[in-house]
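J.: File structure_10.cif follows (mmCIF, C-alpha atoms):
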```cif
data_model
#
loop_
_atom_site.label_atom_id
_atom_site.label_comp_id
_atom_site.auth_asym_id
_atom_site.auth_seq_id
_atom_site.Cartn_x
_atom_site.Cartn_y
_atom_site.Cartn_z
CA MET A 27 25.08 34.12 146.69
CA SER A 28 23.10 32.85 149.68
CA GLN A 29 24.71 32.19 153.04
CA LEU A 30 24.19 28.42 152.64
CA ILE A 31 25.93 28.30 149.24
CA PHE A 32 28.73 30.49 150.57
CA LEU A 33 29.34 28.20 153.56
CA LYS A 34 29.34 25.04 151.41
CA GLY A 35 31.59 26.70 148.88
CA LEU A 36 33.93 27.87 151.64
CA MET A 37 34.27 24.35 153.08
CA LEU A 38 34.82 22.90 149.61
CA GLY A 39 37.27 25.70 148.85
CA ILE A 40 39.31 25.00 151.99
CA ALA A 41 39.48 21.33 151.03
CA LEU A 42 40.63 22.16 147.50
CA ALA A 43 43.09 24.69 148.92
CA CYS A 44 44.71 21.83 150.83
CA ILE A 45 45.02 19.64 147.71
CA LEU A 46 45.77 21.99 144.81
CA PRO A 47 49.09 23.37 146.15
CA ILE A 48 50.35 19.79 146.23
CA LEU A 49 49.43 19.10 142.61
CA LEU A 50 50.85 22.33 141.20
CA PRO A 51 54.39 22.10 139.75
CA PRO A 52 57.05 22.58 142.46
CA GLY A 53 59.88 25.07 142.43
CA SER A 54 57.85 28.31 142.45
CA ARG A 55 57.43 30.48 145.52
CA TRP A 56 53.86 31.19 144.38
CA ARG A 57 52.92 27.53 144.44
CA VAL A 58 51.33 27.50 147.91
CA PRO A 59 49.61 30.92 147.94
CA GLY A 60 48.51 30.46 144.33
CA GLY A 61 47.09 27.03 145.08
CA ILE A 62 45.23 28.30 148.12
CA VAL A 63 43.67 31.19 146.22
CA LEU A 64 42.80 28.93 143.29
CA GLY A 65 41.27 26.33 145.61
CA LEU A 66 39.11 28.84 147.46
CA ALA A 67 37.94 30.40 144.20
CA ALA A 68 37.20 26.99 142.68
CA GLY A 69 35.23 25.88 145.73
CA LEU A 70 33.06 28.99 145.77
CA GLY A 71 32.59 28.84 142.00
CA ILE A 72 31.59 25.16 141.99
CA ALA A 73 29.15 25.62 144.87
CA ALA A 74 27.51 28.59 143.14
CA SER A 75 27.20 27.03 139.69
CA VAL A 76 26.70 23.28 140.20
CA PRO A 77 23.26 21.88 141.17
CA SER A 78 22.96 20.49 144.67
CA GLY A 79 22.83 16.82 143.62
CA TYR A 80 25.94 17.02 141.44
CA LEU A 81 27.72 19.01 144.14
CA SER A 82 27.05 16.27 146.70
CA TYR A 83 28.38 13.68 144.25
CA PHE A 84 31.54 15.73 143.65
CA ILE A 85 32.13 16.11 147.40
CA GLY A 86 31.71 12.36 147.93
CA PHE A 87 34.04 11.67 145.00
CA MET A 88 36.75 13.96 146.36
CA THR A 89 36.43 12.47 149.85
CA MET A 90 37.03 8.92 148.65
CA ALA A 91 39.77 10.07 146.26
CA SER A 92 41.52 11.82 149.16
CA LEU A 93 41.25 8.71 151.35
CA TYR A 94 42.79 6.61 148.62
CA ALA A 95 45.46 9.27 148.13
CA ILE A 96 46.49 8.79 151.77
CA LEU A 97 46.66 5.02 151.22
CA SER A 98 48.76 5.62 148.12
CA LEU A 99 51.15 7.82 150.10
CA GLY A 100 51.61 5.03 152.63
CA LEU A 101 52.34 2.51 149.88
CA ASN A 102 54.72 4.97 148.24
CA THR A 103 56.81 5.03 151.42
CA GLN A 104 57.10 1.26 151.34
CA TRP A 105 57.41 0.53 147.62
CA GLY A 106 58.42 3.82 146.02
CA TYR A 107 61.23 4.63 148.45
CA THR A 108 62.25 1.26 149.89
CA GLY A 109 61.17 -1.37 147.36
CA HIS A 110 58.84 -3.37 149.64
CA LEU A 111 56.39 -5.31 147.48
CA ASN A 112 53.55 -4.98 149.99
CA PHE A 113 50.31 -6.56 148.80
CA GLY A 114 48.78 -6.32 152.26
CA VAL A 115 47.60 -2.71 152.21
CA ALA A 116 44.03 -3.75 152.98
CA GLY A 117 45.15 -5.37 156.25
CA PHE A 118 46.54 -2.15 157.74
CA PHE A 119 43.59 -0.25 156.28
CA ALA A 120 41.30 -2.55 158.27
CA VAL A 121 43.38 -2.35 161.46
CA GLY A 122 43.19 1.44 161.43
CA ALA A 123 39.46 1.50 160.73
CA PHE A 124 38.44 -0.99 163.43
CA THR A 125 40.86 0.44 166.01
CA SER A 126 39.54 3.97 165.66
CA ALA A 127 35.97 2.66 165.72
CA LEU A 128 36.54 0.72 168.96
CA PHE A 129 38.20 3.69 170.63
CA THR A 130 35.44 6.15 169.74
CA ILE A 131 32.14 4.23 169.82
CA GLU A 132 29.94 3.84 172.85
CA ALA A 133 29.95 0.28 174.20
CA PRO A 134 26.46 -1.21 173.70
CA THR A 135 24.47 -2.08 176.80
CA GLY A 136 21.28 -3.94 177.56
CA LEU A 137 19.43 -5.42 174.60
CA ALA A 138 21.78 -3.75 172.09
CA ALA A 139 24.72 -5.72 173.52
CA GLN A 140 23.11 -8.94 172.25
CA TYR A 141 23.27 -7.72 168.66
CA THR A 142 26.49 -5.69 168.71
CA GLN A 143 29.47 -7.26 170.43
CA VAL A 144 32.72 -5.33 170.78
CA LEU A 145 35.89 -5.83 172.80
CA PHE A 146 35.54 -2.32 174.23
CA GLY A 147 34.02 1.05 173.46
CA LEU A 148 35.87 3.94 175.06
CA GLU A 149 33.94 6.95 173.64
CA MET A 150 37.19 8.80 173.08
CA PRO A 151 37.46 11.91 170.84
CA PHE A 152 38.00 11.59 167.12
CA LEU A 153 41.67 12.60 167.19
CA VAL A 154 42.38 10.05 169.91
CA GLY A 155 40.83 7.38 167.71
CA VAL A 156 43.02 8.41 164.76
CA LEU A 157 46.10 8.40 166.99
CA ALA A 158 45.20 4.96 168.34
CA ALA A 159 44.76 3.68 164.78
CA ALA A 160 48.24 4.93 163.91
CA VAL A 161 49.83 3.36 167.01
CA VAL A 162 48.12 -0.02 166.65
CA SER A 163 48.93 -0.13 162.92
CA ALA A 164 52.56 0.58 163.77
CA LEU A 165 52.65 -2.23 166.33
CA VAL A 166 51.06 -4.71 163.94
CA ALA A 167 53.43 -3.65 161.16
CA PHE A 168 56.45 -4.09 163.44
CA VAL A 169 55.34 -7.60 164.44
CA VAL A 170 54.78 -8.47 160.77
CA ALA A 171 57.93 -6.80 159.46
CA VAL A 172 60.44 -8.72 161.58
CA PRO A 173 59.80 -12.14 159.94
CA VAL A 174 58.26 -11.04 156.63
CA LEU A 175 60.89 -8.53 155.47
CA ARG A 176 63.47 -11.30 155.34
CA LEU A 177 61.73 -12.31 152.12
CA ARG A 178 62.18 -10.61 148.76
CA LEU A 179 59.99 -9.69 145.79
CA ASP A 180 57.38 -12.34 144.94
CA PHE A 181 57.80 -14.19 148.25
CA LEU A 182 57.29 -10.91 150.14
CA ALA A 183 54.17 -10.19 148.06
CA ILE A 184 52.69 -13.61 148.85
CA ALA A 185 53.44 -13.22 152.55
CA THR A 186 51.86 -9.77 152.81
CA ILE A 187 48.73 -10.96 150.96
CA GLY A 188 48.47 -13.75 153.53
CA VAL A 189 48.87 -11.32 156.44
CA ALA A 190 46.13 -9.05 155.07
CA GLU A 191 43.76 -12.00 154.62
CA ILE A 192 44.48 -13.23 158.15
CA ILE A 193 43.63 -9.79 159.54
CA ARG A 194 40.42 -9.61 157.48
CA LEU A 195 39.32 -13.10 158.50
CA ILE A 196 39.98 -12.34 162.17
CA PHE A 197 37.59 -9.38 162.00
CA GLN A 198 35.13 -11.54 160.06
CA ASN A 199 35.01 -14.53 162.43
CA GLU A 200 35.79 -13.17 165.90
CA ARG A 201 32.52 -11.51 166.78
CA TRP A 202 33.63 -10.59 170.30
CA LEU A 203 36.27 -8.30 168.80
CA ALA A 204 34.29 -6.00 166.48
CA ASN A 205 30.91 -7.67 165.86
CA GLY A 206 32.34 -10.23 163.45
CA PRO A 207 30.45 -10.60 160.14
CA GLN A 208 27.82 -8.06 161.20
CA PRO A 209 28.43 -4.35 160.57
CA LEU A 210 29.93 -2.31 163.38
CA ARG A 211 27.60 0.68 163.48
CA GLY A 212 27.37 3.95 165.35
CA ILE A 213 30.90 5.22 164.64
CA PRO A 214 30.83 8.91 165.63
CA GLN A 215 31.76 11.67 163.21
CA PRO A 216 33.82 14.71 164.25
CA GLY A 217 31.90 17.98 164.32
CA ARG A 218 28.58 16.31 163.61
CA CYS A 219 26.98 18.34 166.38
CA LEU A 220 27.47 21.47 164.27
CA PHE A 221 24.97 20.15 161.74
CA GLU A 222 22.42 18.58 164.07
CA SER A 223 22.03 20.12 167.51
CA ARG A 224 24.08 23.31 166.93
CA HIS A 225 25.22 22.91 170.57
CA CYS A 226 28.83 21.75 170.35
CA GLU A 227 30.54 22.36 173.67
CA TRP A 228 33.60 23.89 172.02
CA LEU A 229 31.66 26.27 169.74
CA PRO A 230 31.24 29.81 171.15
CA GLU A 231 27.64 30.96 171.26
CA SER A 232 28.60 34.14 169.41
CA LEU A 233 29.55 32.05 166.32
CA ALA A 234 26.52 29.76 166.27
CA TRP A 235 24.63 32.04 163.89
CA LEU A 236 27.28 31.51 161.19
CA ILE A 237 26.36 27.86 160.67
CA GLU A 238 22.61 28.25 161.18
CA PRO A 239 21.71 27.58 157.49
CA LEU A 240 23.63 24.29 157.37
CA GLY A 241 21.71 21.01 157.54
CA THR A 242 22.73 17.43 158.18
CA ARG A 243 23.19 16.80 154.43
CA ASP A 244 25.91 19.47 154.36
CA TYR A 245 28.14 17.54 156.75
CA THR A 246 29.92 15.76 153.89
CA ALA A 247 31.54 19.04 152.81
CA PHE A 248 32.86 19.53 156.33
CA TYR A 249 34.29 16.01 156.48
CA LEU A 250 35.95 16.48 153.08
CA MET A 251 37.69 19.47 154.63
CA VAL A 252 38.91 17.25 157.51
CA VAL A 253 40.20 14.51 155.19
CA ALA A 254 41.91 17.05 152.91
CA ALA A 255 43.65 18.62 155.92
CA PHE A 256 44.98 15.19 156.95
CA LEU A 257 46.11 14.55 153.38
CA ALA A 258 48.02 17.84 153.22
CA LEU A 259 49.62 17.26 156.63
CA ILE A 260 50.72 13.71 155.77
CA TYR A 261 52.10 14.90 152.43
CA VAL A 262 54.19 17.64 154.05
CA VAL A 263 55.56 15.29 156.72
CA LEU A 264 56.45 12.55 154.22
CA GLU A 265 57.90 15.00 151.71
CA ARG A 266 60.21 16.49 154.32
CA THR A 267 61.29 13.17 155.80
CA CYS A 268 61.91 11.54 152.43
CA ARG A 269 64.10 14.49 151.35
CA SER A 270 66.05 14.20 154.59
CA PRO A 271 69.04 11.90 155.20
CA TRP A 272 66.56 9.22 156.29
CA GLY A 273 64.84 9.34 152.91
CA ARG A 274 68.16 9.20 151.07
CA MET A 275 69.09 6.16 153.14
CA LEU A 276 65.84 4.44 152.08
CA ARG A 277 66.67 5.05 148.42
CA ALA A 278 70.17 3.71 148.95
CA VAL A 279 68.76 0.57 150.56
CA ARG A 280 66.31 0.19 147.67
CA ASP A 281 68.86 0.67 144.88
CA GLU A 282 72.12 -0.67 146.35
CA GLU A 283 71.47 -2.59 149.54
CA SER A 284 74.98 -4.04 149.73
CA SER A 285 76.62 -0.63 149.23
CA ALA A 286 74.38 0.90 151.90
CA ALA A 287 75.36 -1.85 154.33
CA MET A 288 79.06 -1.38 153.56
CA ASN A 289 78.67 2.33 154.35
CA GLY A 290 77.47 1.52 157.84
CA LYS A 291 73.69 1.67 157.35
CA ASN A 292 71.54 -0.75 159.31
CA VAL A 293 69.65 -2.12 156.33
CA THR A 294 67.28 -4.33 158.31
CA PHE A 295 66.31 -1.52 160.68
CA ALA A 296 65.78 0.87 157.75
CA ARG A 297 63.44 -1.60 156.05
CA VAL A 298 61.44 -2.08 159.24
CA GLN A 299 61.20 1.68 159.75
CA ALA A 300 59.87 2.29 156.24
CA PHE A 301 57.38 -0.55 156.55
CA VAL A 302 56.08 0.79 159.87
CA VAL A 303 55.82 4.39 158.64
CA GLY A 304 53.82 3.28 155.59
CA ALA A 305 51.53 1.18 157.78
CA VAL A 306 50.91 4.16 160.08
CA VAL A 307 49.74 6.23 157.11
CA MET A 308 47.49 3.38 155.96
CA GLY A 309 46.06 3.07 159.48
CA ILE A 310 45.21 6.78 159.52
CA ALA A 311 43.42 6.36 156.19
CA GLY A 312 41.45 3.48 157.70
CA ALA A 313 40.43 5.60 160.68
CA LEU A 314 39.24 8.43 158.44
CA TYR A 315 37.31 5.93 156.31
CA ALA A 316 35.55 4.43 159.34
CA HIS A 317 34.34 7.82 160.56
CA TYR A 318 33.20 8.68 157.05
CA THR A 319 31.10 5.56 156.45
CA VAL A 320 29.79 5.34 160.07
CA ALA A 321 29.37 1.54 159.72
CA ILE A 322 32.10 -0.91 158.68
CA ASP A 323 32.56 -4.66 158.34
CA TYR A 324 35.18 -7.03 156.99
CA SER A 325 33.86 -6.85 153.41
CA HIS A 326 34.99 -3.21 153.11
CA PHE A 327 38.61 -4.33 153.19
CA HIS A 328 38.78 -6.81 150.34
CA ALA A 329 42.13 -7.01 148.56
CA LEU A 330 40.65 -5.78 145.27
CA PHE A 331 39.52 -2.48 146.76
CA GLY A 332 42.01 -2.06 149.60
CA THR A 333 45.22 -3.22 147.91
CA PHE A 334 45.26 -3.64 144.14
CA LEU A 335 43.34 -0.45 143.38
CA VAL A 336 45.91 1.42 145.48
CA TRP A 337 48.74 -0.20 143.53
CA ILE A 338 47.19 0.95 140.24
CA MET A 339 46.94 4.48 141.62
CA LEU A 340 50.58 4.55 142.65
CA MET A 341 51.82 3.02 139.39
CA LEU A 342 49.83 5.48 137.29
CA GLY A 343 50.84 8.52 139.32
CA GLY A 344 54.50 7.55 139.68
CA SER A 345 56.14 5.53 142.44
CA GLY A 346 58.76 7.43 144.41
CA ASN A 347 56.86 10.71 143.91
CA HIS A 348 54.38 11.85 146.56
CA ARG A 349 52.67 14.25 144.16
CA GLY A 350 52.31 11.40 141.70
CA ALA A 351 50.78 9.15 144.35
CA ILE A 352 48.07 11.74 145.04
CA LEU A 353 47.47 12.54 141.36
CA GLY A 354 47.20 8.84 140.51
CA ALA A 355 44.67 8.29 143.28
CA ILE A 356 42.42 11.06 141.99
CA LEU A 357 42.66 9.94 138.36
CA VAL A 358 42.11 6.23 139.00
CA TRP A 359 39.20 6.91 141.35
CA GLY A 360 37.76 9.07 138.58
CA VAL A 361 38.11 6.15 136.16
CA TRP A 362 36.59 3.79 138.72
CA ALA A 363 33.63 6.11 139.35
CA GLY A 364 33.15 6.76 135.64
CA THR A 365 33.11 3.08 134.72
CA ALA A 366 30.11 2.60 137.02
CA PHE A 367 28.05 4.79 134.69
CA LEU A 368 29.48 2.98 131.68
CA ALA A 369 28.59 -0.44 133.12
CA ASN A 370 25.01 0.69 133.76
CA ALA A 371 24.74 2.09 130.27
CA LEU A 372 25.92 -1.20 128.73
CA GLU A 373 23.36 -3.35 130.55
CA PRO A 374 20.65 -3.08 127.82
CA LEU A 375 23.21 -4.01 125.15
CA LEU A 376 24.44 -6.97 127.18
CA ALA A 377 20.85 -8.14 127.69
CA LEU A 378 20.49 -8.47 123.92
CA ILE A 379 23.43 -10.87 123.89
CA HIS A 380 22.41 -13.02 126.86
CA GLU A 381 19.98 -12.56 129.72
CA ASP A 382 22.66 -13.32 132.36
CA LEU A 383 25.17 -10.74 131.15
CA PRO A 384 23.59 -7.58 132.67
CA GLY A 385 24.24 -8.99 136.15
CA ARG A 386 27.92 -9.21 135.27
CA ALA A 387 28.22 -5.69 133.86
CA GLN A 388 30.09 -4.44 136.91
CA TYR A 389 33.02 -6.71 136.06
CA ILE A 390 33.64 -4.41 133.10
CA ARG A 391 34.94 -1.88 135.63
CA TRP A 392 37.73 -4.22 136.67
CA LEU A 393 38.47 -5.04 133.05
CA LEU A 394 38.92 -1.37 132.15
CA VAL A 395 41.05 -0.66 135.22
CA SER A 396 43.20 -3.70 134.40
CA LEU A 397 43.67 -2.43 130.85
CA LEU A 398 44.67 0.93 132.31
CA LEU A 399 47.32 -0.74 134.46
CA ALA A 400 48.62 -2.72 131.48
CA ALA A 401 48.84 0.48 129.44
CA VAL A 402 50.77 2.22 132.21
CA VAL A 403 53.25 -0.64 132.52
CA LEU A 404 53.80 -0.82 128.75
CA PHE A 405 53.85 2.84 127.76
CA ARG A 406 54.57 4.84 130.93
CA PRO A 407 56.24 2.56 133.52
CA GLN A 408 57.68 5.55 135.41
CA GLY A 409 54.17 6.99 135.88
CA LEU A 410 52.76 10.39 135.02
CA LEU A 411 55.09 12.11 137.49
CA PRO A 412 58.41 10.23 137.59
CA GLU A 413 60.55 10.06 140.71
CA GLU A 414 62.53 13.22 141.39
CA MET A 415 66.10 12.19 142.02
CA ARG A 416 67.34 15.55 143.28
CA VAL A 417 67.31 16.09 147.04
CA SER A 418 65.72 19.54 146.99
CA ASN A 419 63.61 21.51 144.55
CA HIS A 420 65.67 24.58 145.48
CA LEU A 421 68.82 23.09 143.93
CA ARG A 422 68.50 23.38 140.16
CA GLY A 423 71.14 23.18 137.50
CA ASP A 424 69.79 26.22 135.65
CA GLY A 425 70.44 28.52 138.62
CA ARG A 426 66.82 29.25 139.39
#
```
Please express the file's structure as structure tokens.
T.:
Amino acid sequence: MSQLIFLKGLMLGIALACILPILLPPGSRWRVPGGIVLGLAAGLGIAASVPSGYLSYFIGFMTMASLYAILSLGLNTQWGYTGHLNFGVAGFFAVGAFTSALFTIEAPTGLAAQYTQVLFGLEMPFLVGVLAAAVVSALVAFVVAVPVLRLRLDFLAIATIGVAEIIRLIFQNERWLANGPQPLRGIPQPGRCLFESRHCEWLPESLAWLIEPLGTRDYTAFYLMVVAAFLALIYVVLERTCRSPWGRMLRAVRDEESSAAMNGKNVTFARVQAFVVGAVVMGIAGALYAHYTVAIDYSHFHALFGTFLVWIMLMLGGSGNHRGAILGAILVWGVWAGTAFLANALEPLLALIHEDLPGRAQYIRWLLVSLLLAAVVLFRPQGLLPEEMRVSNHLRGDGR
């Protein structure tokens, strides 16, 4: 195994080692170490056996699946644990993406300022941009939650769709804010200097030889490792908080709001808290997405991709279950990616029916995903991994 393949396999293995322990069945003390070992072995094995082109596709697939898994975790906090019918996921996704971009890009000057207009460009580090995305998303969610959460069910859904569209249209039309309808380019990527100049200020000179074989095309494996680390961290934080008294209060508010209020719980404040926490997670996903794509615009945050696809992921995986939210995101993104090949393969057949049909082949993807959602609702409404009602995995009736 060459040094290049080993390094790519190691980065992929670290990313899988962050994800696999989450997906393994809980309750075993070997879950985490076993998942880490399995992830590292899988990463090295895939890098050694899969051709370079397919490996790049797999890395890109896992990166987007992990980003959607973070979005699904945010929605799970709002819907799965509190019962908020939030159809405005794309709005907080966009707020996080544009906020992190504005905090980390370099403000254009001279001739470039005529083509790229931004409110500010602070050139802050990547982690500061992610933190800013979380804070701004929380502030926007708090402002939205106070009037909107007075509504229930279908009225709440309509209101949140409207909020998301308002946010998207603001970024589309107000060019002074984030370049309006034109793409906002030049978003920096963390650790990119490792793959280009090899002269990162924080990298010791004695370790520079380790990454010498890596090229710019290998950066995607590094960024997958970053996204997977964020996914694992967010999962651990949400899993612990939702199994705490705060999480039990959210379930009580969801299932028996009147009883929770009679027991002294501030129902309104609990709803606002859950809504804000979910929006923070969605904002972090937006920040990670912006630094992955390097260039963003309003069209990236359409409700079909930024909201309803996330809902399908959560419903398939299992609302009220963080593991299910992540599993559903990976499976649905796999279906979405696979249907692209199917749509392309059907174009010749559609051309035999009518000359205009091949241009509409991509709509088959939405048809198949819609059928998947209908099948889940009819045959598995609780999802693949139903909600775990017990407080702790260490408390089992069989004494284990």
J.: Compile the contact shell of region 269-277 of chain A as a PyMOL selection string: residues with an atom at most 12 Å away, counting all atoms listed in the file, same-chain residues fewer than 3 positions apart removed.
T.: chain A and resi 102-110+262-266+280-283+285-287+289-301+303+346-348+413-420
J.: Quick one: pull the distance between CA of Ser78 (chain A) and CA of Leu30 (chain A), Å, one decimal.
T.: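 CA of Leu30 (chain A) lies at a distance of 11.3 Å from CA of Ser78 (chain A).
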J.: List the residues matched by the PyMOL selection byres ((chain A and resi 328) around 10) in the displayed structure as a list in words, ordered by chain and then by residue number.
T.: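 So the PyMOL selection byres ((chain A and resi 328) around 10) ends up selecting Val115, Ala116, Gly117, Ala120, Ala190, Glu191, Arg194, Tyr324, Ser325, His326, Phe327, Ala329, Leu330, Phe331, Gly332, Thr333 and Phe334 of chain A.
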J.: Just checking: using all atoms listed in the file, which residue out of A:Ala159, A:Ile31, A:Ala185, A:Ala258 ends up closest to Ala171 (chain A)?
T.: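 Residue with the minimum atom-to-atom distance to Ala171 (chain A): A:Ala185.
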J.: Would you pick out the contacts of Arg391 (chain A) at 9 Å or less, using all atoms listed in the file, so that residues sharing its chain but fewer than 6 positions from it are not included, and give the list as a list in words?
T.: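 Near Arg391 (chain A), the qualifying residues are Val361, Trp362, Ala363, Gly364, Thr365, Ala366, Leu368 and Ala369 of chain A.
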J.: Enumerate, as a ChimeraX atom specification, the residues matched when the PyMOL selection byres ((chain A and resi 357) around 12) is run on the file above.
T.: /A:87-88,90-92,94-95,335-336,338-343,350-356,358-364,395,398,410
J.: Find, counting all atoms listed in the file, the residue in A:Thr89, A:Asp180, A:His317, A:Ala254 that gets nearest to Pro151 (chain A).
T.: A:His317
J.: Go through A:Ala255, A:Val307, A:Val63, A:Leu137 one by one, measure the shortest atom-to-atom distance of each to Ala160 (chain A) using only C-alpha atoms, and give the residue with the smallest value.
T.: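 Ranked by minimum distance to Ala160 (chain A), first place goes to A:Val307.
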J.: Quick one, how far is CA of Gly65 (chain A) from CA of Ile40 (chain A)?
T.: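 Computed distance, CA of Gly65 (chain A) to CA of Ile40 (chain A), equals 6.8 Å.
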J.: Would it be fine to have region 233-240 of chain A, with all heavy atoms, given as a compact mmCIF listing (two decimals), in the first residue's frame?
T.:
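Result went into selection-v1.txt, see below:
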```txt
# COMPACT_ATOMS: atom_id res chain seq x y z
N LEU A 233 6.46 17.55 10.59
CA LEU A 233 5.37 16.69 10.14
C LEU A 233 4.98 16.93 8.68
O LEU A 233 4.10 16.25 8.16
CB LEU A 233 4.14 16.89 11.03
CG LEU A 233 4.31 16.56 12.52
CD1 LEU A 233 3.02 16.85 13.26
CD2 LEU A 233 4.71 15.10 12.70
N ALA A 234 5.62 17.90 8.04
CA ALA A 234 5.23 18.25 6.67
C ALA A 234 5.45 17.09 5.71
O ALA A 234 4.70 16.94 4.72
CB ALA A 234 6.01 19.47 6.21
N TRP A 235 6.45 16.26 5.97
CA TRP A 235 6.73 15.16 5.05
C TRP A 235 5.62 14.11 5.01
O TRP A 235 5.48 13.37 4.03
CB TRP A 235 8.05 14.47 5.44
CG TRP A 235 7.99 13.81 6.80
CD1 TRP A 235 8.22 14.39 8.00
CD2 TRP A 235 7.67 12.45 7.06
NE1 TRP A 235 8.06 13.48 9.02
CE2 TRP A 235 7.72 12.27 8.46
CE3 TRP A 235 7.34 11.35 6.25
CZ2 TRP A 235 7.47 11.05 9.07
CZ3 TRP A 235 7.07 10.14 6.85
CH2 TRP A 235 7.14 10.00 8.25
N LEU A 236 4.80 14.05 6.08
CA LEU A 236 3.75 13.05 6.14
C LEU A 236 2.69 13.26 5.07
O LEU A 236 2.13 12.31 4.53
CB LEU A 236 3.09 13.07 7.53
CG LEU A 236 3.89 12.48 8.69
CD1 LEU A 236 3.16 12.71 10.00
CD2 LEU A 236 4.14 10.99 8.47
N ILE A 237 2.40 14.52 4.76
CA ILE A 237 1.33 14.83 3.81
C ILE A 237 1.87 15.18 2.43
O ILE A 237 1.11 15.63 1.57
CB ILE A 237 0.48 16.00 4.34
CG1 ILE A 237 1.36 17.25 4.52
CG2 ILE A 237 -0.20 15.64 5.64
CD1 ILE A 237 0.56 18.49 4.84
N GLU A 238 3.14 14.97 2.20
CA GLU A 238 3.76 15.35 0.93
C GLU A 238 3.08 14.71 -0.27
O GLU A 238 2.89 15.36 -1.31
CB GLU A 238 5.24 14.98 0.95
CG GLU A 238 6.02 15.50 -0.25
CD GLU A 238 6.05 17.02 -0.31
OE1 GLU A 238 6.03 17.66 0.76
OE2 GLU A 238 6.07 17.56 -1.44
N PRO A 239 2.63 13.43 -0.21
CA PRO A 239 2.02 12.83 -1.42
C PRO A 239 0.63 13.37 -1.75
O PRO A 239 0.13 13.14 -2.84
CB PRO A 239 1.94 11.33 -1.06
CG PRO A 239 2.86 11.14 0.09
CD PRO A 239 2.84 12.43 0.84
N LEU A 240 -0.03 14.06 -0.82
CA LEU A 240 -1.41 14.49 -1.03
C LEU A 240 -1.47 15.65 -2.01
O LEU A 240 -0.65 16.56 -1.97
CB LEU A 240 -2.04 14.90 0.30
CG LEU A 240 -2.21 13.79 1.34
CD1 LEU A 240 -2.71 14.36 2.65
CD2 LEU A 240 -3.17 12.72 0.83
```
